[in-house]
Amino acid sequence: MKRPLPEEYVPLFTLPDYTGILHVKQLEPKNLNMYVLHLAEKSKLPESTFLILDQKKRIPLLKRKYTKMHYYDHEYWVFETHSLRVEPESCKILDIFIELDESDEFAPKFDMTLFWTKQFHHRFVSLNFFPPDLNLEQLGLVLNLQTIPPKTSIALKQRGDVSGNKASTLAGFWVPTKKEDPTWSYDKPKTFTQEQKKRVSNGQKYEETAILFYICMFQQVIYQQIGWCKAPAPLPLNWGALPDGYLIDPGATVPDQIQSWYPTLDPTRGVLEVKYTDKNLTFEPYFYPQIYMEMISAQVMWCDVIRFKKSLTKTTKNKWKTEYNARVYRIYRHRPTEFALISLLKYALKHKETLQTLVHEDEKFLSFRAFLGELASYEPFKALGGTERFSELMGEYENYKKQIY
């Protein structure tokens, strides 16, 4: 017999004799790991059992490939849309984990890893699923945060006072004047305009597509997922960054001057940063603080920034065709610029209370941003257009998703 649903609850999924429920208030923010309990009473489910979300989406719960993971006495079956914790001997489902998509649609976020790893084999190295139900303190675990998938709740909690995005704010980018927003402060949660929300949503939506586009274009490069990277000493312990990927480019070299500044670093190692756009593909000056923090924290000498764009164009037969275009900018660490940035960030943190005024009036901030603006205009790039192979892969991927949903 199904349990009654109070008005403040919404259906999350249904099993043969059980209706899972989730409190409406838990739906905000939407990028949330939803953790539903009390399934231990269920016996092993038939393959025909569906996950039913919002009474609209029917997702096969078991009928497709999955990866098994083990943590202590926990066993997980990791699918593209959800993960199950099961009892190893009986295969009873104990818990289910779902991450919601960053869209207005009530749907699970689709994990591309299982599909794309098969396509690129050793050139696409993903991090293992990390279960959100593990209590680190209780188990006495000390974890290397670089090995935890970047958008899990545990990884997000580790972000410190200075991360990539925060570095851009501390340098004065995107800080409104007092006239524009008299209530602004560095520690206050950001508020976004509709246009900014759309940009963030598109960036998250197409990030994985841009990464795979990059892998298709650069056949020699190995891409690895990476978690939170702590900045090395003597920088403060709570500084760090979260790159969109760690890169190994066997043919990479760096200018002699840069290698002399960082003699212990491997020139074949770098990081990747994705910047989606629906307008132009130019390199923007506000990228620099973020990518410098990523290079410093991952201890590499270069960062490939991919400006990625998806657009629709009409064909001669008056049909719409999807096109993918990108520019890749390889940015090298420049020691004087790095020292100037770190000095400015420390100064900004020391004067957080008056930061809104300082970034618009203090010559330190004004001249540094002007320097970055001039630097950005000279950055060389490699222009890329979508290949037939990439279009084929995206077609295969879209068909694969349709089968899943």
# chains A, B, ... in the order shown; residues from 1 in each chain; ligands from 1

$ residues_around --residues "Asp249 (chain A)" --least-positions-apart "5" --cutoff "10 Å" --atoms "only C-alpha atoms" --output "PDB file with N, CA and C atoms, in the first residue's frame"
ATOM      1  N   PHE A 218      42.214  17.734 -30.264  1.00  0.00           N
ATOM      2  CA  PHE A 218      43.615  17.536 -29.907  1.00  0.00           C
ATOM      3  C   PHE A 218      43.834  16.063 -29.577  1.00  0.00           C
ATOM      4  N   GLN A 219      44.145  15.304 -30.588  1.00  0.00           N
ATOM      5  CA  GLN A 219      44.200  13.848 -30.472  1.00  0.00           C
ATOM      6  C   GLN A 219      45.314  13.352 -29.557  1.00  0.00           C
ATOM      7  N   GLN A 220      46.357  14.176 -29.345  1.00  0.00           N
ATOM      8  CA  GLN A 220      47.485  13.717 -28.538  1.00  0.00           C
ATOM      9  C   GLN A 220      47.295  13.988 -27.046  1.00  0.00           C
ATOM     10  N   VAL A 221      46.282  14.776 -26.685  1.00  0.00           N
ATOM     11  CA  VAL A 221      46.134  15.214 -25.298  1.00  0.00           C
ATOM     12  C   VAL A 221      45.299  14.221 -24.493  1.00  0.00           C
ATOM     13  N   ILE A 222      45.738  13.963 -23.269  1.00  0.00           N
ATOM     14  CA  ILE A 222      44.976  13.143 -22.322  1.00  0.00           C
ATOM     15  C   ILE A 222      44.282  14.084 -21.343  1.00  0.00           C
ATOM     16  N   TYR A 223      42.976  13.895 -21.200  1.00  0.00           N
ATOM     17  CA  TYR A 223      42.185  14.725 -20.285  1.00  0.00           C
ATOM     18  C   TYR A 223      41.862  13.921 -19.028  1.00  0.00           C
ATOM     19  N   PRO A 267      56.687  20.556 -18.252  1.00  0.00           N
ATOM     20  CA  PRO A 267      56.070  21.354 -19.328  1.00  0.00           C
ATOM     21  C   PRO A 267      54.936  20.642 -20.058  1.00  0.00           C
ATOM     22  N   THR A 268      54.804  19.339 -19.890  1.00  0.00           N
ATOM     23  CA  THR A 268      53.742  18.610 -20.592  1.00  0.00           C
ATOM     24  C   THR A 268      52.427  18.613 -19.807  1.00  0.00           C
ATOM     25  N   ARG A 269      52.441  19.198 -18.602  1.00  0.00           N
ATOM     26  CA  ARG A 269      51.238  19.231 -17.767  1.00  0.00           C
ATOM     27  C   ARG A 269      50.593  20.603 -17.774  1.00  0.00           C
ATOM     28  N   GLY A 270      49.261  20.623 -17.879  1.00  0.00           N
ATOM     29  CA  GLY A 270      48.533  21.877 -17.851  1.00  0.00           C
ATOM     30  C   GLY A 270      47.130  21.656 -17.302  1.00  0.00           C
TER      31      GLY A 270
END

$ closest_atom_pairs --of "region 316-361 of chain A" --to "region 368-381 of chain A" --cutoff "12 Å" --atoms "only C-alpha atoms" --output "tab-separated table"
residue	atom	partner	partner_atom	distance
A:Ala326	CA	A:Phe381	CA	9.8
A:Arg327	CA	A:Phe381	CA	6.1
A:Val328	CA	A:Phe381	CA	5.4
A:Tyr329	CA	A:Phe381	CA	4.6
A:Arg330	CA	A:Phe381	CA	7.1
A:Ile331	CA	A:Glu379	CA	7.9
A:Tyr332	CA	A:Glu379	CA	10.3
A:His334	CA	A:Leu375	CA	11.5
A:Pro336	CA	A:Phe368	CA	11.9
A:Thr337	CA	A:Leu372	CA	9.2
A:Glu338	CA	A:Phe368	CA	11.5
A:Phe339	CA	A:Phe368	CA	11.8
A:Ala340	CA	A:Phe368	CA	8.2
A:Leu341	CA	A:Phe368	CA	8.2
A:Ile342	CA	A:Phe368	CA	11.7
A:Ser343	CA	A:Phe368	CA	11.1
A:Leu344	CA	A:Phe368	CA	8.7
A:Leu345	CA	A:Phe368	CA	11.4
A:Val359	CA	A:Arg369	CA	9.5
A:His360	CA	A:Arg369	CA	10.5

$ closest_residue --among "A:Phe287, A:Glu208, A:Asp304, A:Arg333" --to "Tyr262 (chain A)" --atoms "only C-alpha atoms"
A:Arg333

$ closest_residue --among "A:Asn399, A:Thr354, A:Ser297, A:Ser391" --to "Gly172 (chain A)" --atoms "only C-alpha atoms"
A:Thr354

$ select_by_dssp --residues "region 121-329 of chain A" --states "helix (DSSP H, G or I)" --output "MDAnalysis selection string"
chainID A and resid 121:123 136:139 145:147 153:157 164:170 194:217 256:261 287:298

$ residues_around --residues "Thr81 (chain A)" --least-positions-apart "2" --cutoff "6 Å" --atoms "only C-alpha atoms" --output "PyMOL selection string"
chain A and resi 79+108+110

$ closest_residue --among "A:Asn165, A:Gln259, A:Gln119, A:Thr67" --to "Glu396 (chain A)" --atoms "only C-alpha atoms"
A:Gln119

$ select_by_dssp --residues "region 161-262 of chain A" --states "strand (DSSP E)" --output "list in words"
Ile222, Tyr223, Gln224, Cys229, Lys230, Gly240, Ala241, Gly245, Tyr246, Leu247 and Ile248 of chain A

$ write_last_selection --atoms "N, CA and C atoms" --output "short mmCIF file (atom, residue, chain, number, x, y, z; two decimals), in the first residue's frame"
data_model
loop_
_atom_site.label_atom_id
_atom_site.label_comp_id
_atom_site.auth_asym_id
_atom_site.auth_seq_id
_atom_site.Cartn_x
_atom_site.Cartn_y
_atom_site.Cartn_z
N ILE A 222 45.74 13.96 -23.27
CA ILE A 222 44.98 13.14 -22.32
C ILE A 222 44.28 14.08 -21.34
N TYR A 223 42.98 13.90 -21.20
CA TYR A 223 42.19 14.73 -20.28
C TYR A 223 41.86 13.92 -19.03
N GLN A 224 42.05 14.55 -17.86
CA GLN A 224 41.72 13.90 -16.60
C GLN A 224 40.85 14.84 -15.76
N CYS A 229 42.03 21.78 -5.90
CA CYS A 229 43.50 21.83 -5.78
C CYS A 229 43.87 22.92 -4.77
N LYS A 230 44.55 22.52 -3.71
CA LYS A 230 45.00 23.50 -2.72
C LYS A 230 46.23 24.23 -3.23
N GLY A 240 42.91 28.15 -3.20
CA GLY A 240 42.95 27.04 -4.14
C GLY A 240 42.10 27.31 -5.35
N ALA A 241 41.84 26.27 -6.13
CA ALA A 241 41.05 26.44 -7.35
C ALA A 241 40.51 25.10 -7.81
N GLY A 245 39.69 20.63 -15.76
CA GLY A 245 40.37 19.40 -16.13
C GLY A 245 41.87 19.55 -16.00
N TYR A 246 42.54 18.40 -15.90
CA TYR A 246 44.00 18.34 -15.86
C TYR A 246 44.44 17.72 -17.19
N LEU A 247 45.43 18.34 -17.85
CA LEU A 247 45.82 17.93 -19.19
C LEU A 247 47.25 17.39 -19.22
N ILE A 248 47.44 16.36 -20.04
CA ILE A 248 48.79 15.86 -20.33
C ILE A 248 48.98 15.96 -21.84
#
